[in-house]
Amino acid sequence: MTLTQLVYASRSRLVEAERSVEIPRILASAQRLNELNGITGFLLVTPGGFAQILEGEGDSVVETYGRIMADPRHGDLRLLQQATAIERRFAGWTMGMAERDPTTEFIFGLYGISADADIFDQQLDTIVDLAGQLAAHPA
Ligand SMILES: Cc1cc2nc3c(=O)[nH]c(=O)nc-3n(C[C@H](O)[C@H](O)[C@H](O)COP(=O)(O)O)c2cc1C
């Protein structure tokens with residue numbers, strides 16, 4: 001099996017009033033599908049955007065990204081990386097998730113994502129390192 005890691009960022013089309021209902025729904029659906037497809041990873045959420053790391057067998061990752069691209073809750077999608085990986089970085093997570101909120105604000109801030117910055121505009125390394133940090137220290 002060839003392990004693939006895919007990283008993307010997107011603008012969120014969620015409206016404020018729906019966020020608290022939609023985000024747990026997205027996560028539950030992602031975890032259920034990823035369990036079936038052998039996908040692991042991490043999802044970062046800010047008010048304006050999403051960034052996600054998907055790891056798994058190449059075909060499964062491509063199929064999952066196809067489903068994500070078709071989801072109307074995303075606006076623009078930026079594919080930041082699709083590469084072969086040696087090992088899973090988020091092996092324990094069918095999909096971990098962290099939202100920028102009062103408990104994670106400080107850690108997002110350390111990576112330059114302050115109140116007026118958004119995950120959509122961040123570089124690949126920032127996204128992967130921040131997700132790794134948040135996965136190691138869940139709120
Ligand atoms: C932010 C975001 C993250 C998502 N992550 C995944 C994922 O990790 N795996 C997956 O299979 N689908 C993912 N999706 C796609 C949706 O879960 C999927 O299109 C749809 O909700 C699945 O159908 P259901 O919720 O009606 O079961 C994601 C969608 C969004 C908006």
# chains A, B, ... in the order shown; residues from 1 in each chain; ligands from 1

$ residues_near_ligand --ligand "ligand 1" --cutoff "9 Å" --atoms "only C-alpha atoms and all ligand atoms" --output "PyMOL selection string"
chain A and resi 10+12-14+22-23+25-37+39-45+49-54+61+63-74+94-95

$ select_by_dssp --residues "chain A" --states "strand (DSSP E)" --output "PyMOL selection string"
chain A and resi 3-12+40-46+49-57+74-84+96-99

$ atom_distance --atom1 "CA of Ile86 in chain A" --atom2 "CA of Gln123 in chain A"
21.4 Å

$ select_by_dssp --residues "chain A" --states "helix (DSSP H, G or I)" --output "PDB file with C-alpha atoms, in the first residue's frame"
ATOM      1  CA  GLU A  16     -22.801  31.711  12.045  1.00  0.00           C
ATOM      2  CA  ALA A  17     -26.243  30.537  13.153  1.00  0.00           C
ATOM      3  CA  GLU A  18     -25.615  27.015  11.776  1.00  0.00           C
ATOM      4  CA  ARG A  19     -22.041  26.476  12.941  1.00  0.00           C
ATOM      5  CA  SER A  20     -22.715  24.876  16.293  1.00  0.00           C
ATOM      6  CA  VAL A  21     -25.007  22.301  14.661  1.00  0.00           C
ATOM      7  CA  GLU A  22     -23.102  21.750  11.412  1.00  0.00           C
ATOM      8  CA  ILE A  23     -19.577  21.285  12.751  1.00  0.00           C
ATOM      9  CA  PRO A  24     -20.374  18.269  14.961  1.00  0.00           C
ATOM     10  CA  ARG A  25     -22.371  16.825  12.039  1.00  0.00           C
ATOM     11  CA  ILE A  26     -19.473  17.233   9.626  1.00  0.00           C
ATOM     12  CA  LEU A  27     -17.108  15.620  12.126  1.00  0.00           C
ATOM     13  CA  ALA A  28     -19.396  12.663  12.849  1.00  0.00           C
ATOM     14  CA  SER A  29     -19.943  12.032   9.141  1.00  0.00           C
ATOM     15  CA  ALA A  30     -16.213  12.357   8.386  1.00  0.00           C
ATOM     16  CA  GLN A  31     -15.285   9.930  11.180  1.00  0.00           C
ATOM     17  CA  ARG A  32     -17.847   7.374  10.033  1.00  0.00           C
ATOM     18  CA  LEU A  33     -16.727   7.506   6.389  1.00  0.00           C
ATOM     19  CA  ASN A  34     -13.019   7.602   7.252  1.00  0.00           C
ATOM     20  CA  GLU A  35     -13.318   4.545   9.465  1.00  0.00           C
ATOM     21  CA  LEU A  36     -14.772   2.664   6.476  1.00  0.00           C
ATOM     22  CA  ASN A  37     -12.100   3.972   4.102  1.00  0.00           C
ATOM     23  CA  GLY A  58      -3.948   6.755  -2.484  1.00  0.00           C
ATOM     24  CA  ASP A  59      -7.287   5.829  -4.078  1.00  0.00           C
ATOM     25  CA  SER A  60      -9.169   6.257  -0.800  1.00  0.00           C
ATOM     26  CA  VAL A  61      -7.660   9.702  -0.260  1.00  0.00           C
ATOM     27  CA  VAL A  62      -8.602  10.799  -3.788  1.00  0.00           C
ATOM     28  CA  GLU A  63     -12.145   9.472  -3.365  1.00  0.00           C
ATOM     29  CA  THR A  64     -12.497  11.256  -0.019  1.00  0.00           C
ATOM     30  CA  TYR A  65     -11.193  14.526  -1.435  1.00  0.00           C
ATOM     31  CA  GLY A  66     -13.726  14.190  -4.258  1.00  0.00           C
ATOM     32  CA  ARG A  67     -16.510  13.957  -1.680  1.00  0.00           C
ATOM     33  CA  ILE A  68     -15.137  16.987   0.142  1.00  0.00           C
ATOM     34  CA  MET A  69     -14.912  19.030  -3.089  1.00  0.00           C
ATOM     35  CA  GLU A 105      -6.951  30.711  20.741  1.00  0.00           C
ATOM     36  CA  PHE A 106      -3.509  30.779  22.341  1.00  0.00           C
ATOM     37  CA  ILE A 107      -2.144  27.862  20.290  1.00  0.00           C
ATOM     38  CA  PHE A 108      -3.604  29.200  17.024  1.00  0.00           C
ATOM     39  CA  GLY A 109      -2.021  32.548  17.937  1.00  0.00           C
ATOM     40  CA  LEU A 110       1.418  30.926  18.366  1.00  0.00           C
ATOM     41  CA  ILE A 119      -6.832  29.243   8.314  1.00  0.00           C
ATOM     42  CA  PHE A 120      -7.664  29.569   4.598  1.00  0.00           C
ATOM     43  CA  ASP A 121      -4.671  31.859   4.042  1.00  0.00           C
ATOM     44  CA  LEU A 124       1.148  24.083   4.271  1.00  0.00           C
ATOM     45  CA  ASP A 125       3.764  23.797   7.034  1.00  0.00           C
ATOM     46  CA  THR A 126       1.789  26.040   9.388  1.00  0.00           C
ATOM     47  CA  ILE A 127      -1.325  23.907   8.943  1.00  0.00           C
ATOM     48  CA  VAL A 128       0.439  20.569   9.439  1.00  0.00           C
ATOM     49  CA  ASP A 129       2.472  21.779  12.432  1.00  0.00           C
ATOM     50  CA  LEU A 130      -0.525  23.414  14.132  1.00  0.00           C
ATOM     51  CA  ALA A 131      -2.642  20.282  13.614  1.00  0.00           C
ATOM     52  CA  GLY A 132       0.179  18.138  15.044  1.00  0.00           C
ATOM     53  CA  GLN A 133       0.414  20.394  18.074  1.00  0.00           C
ATOM     54  CA  LEU A 134      -3.347  20.338  18.678  1.00  0.00           C
ATOM     55  CA  ALA A 135      -3.512  16.552  18.200  1.00  0.00           C
ATOM     56  CA  ALA A 136      -0.786  16.109  20.803  1.00  0.00           C
TER      57      ALA A 136
END
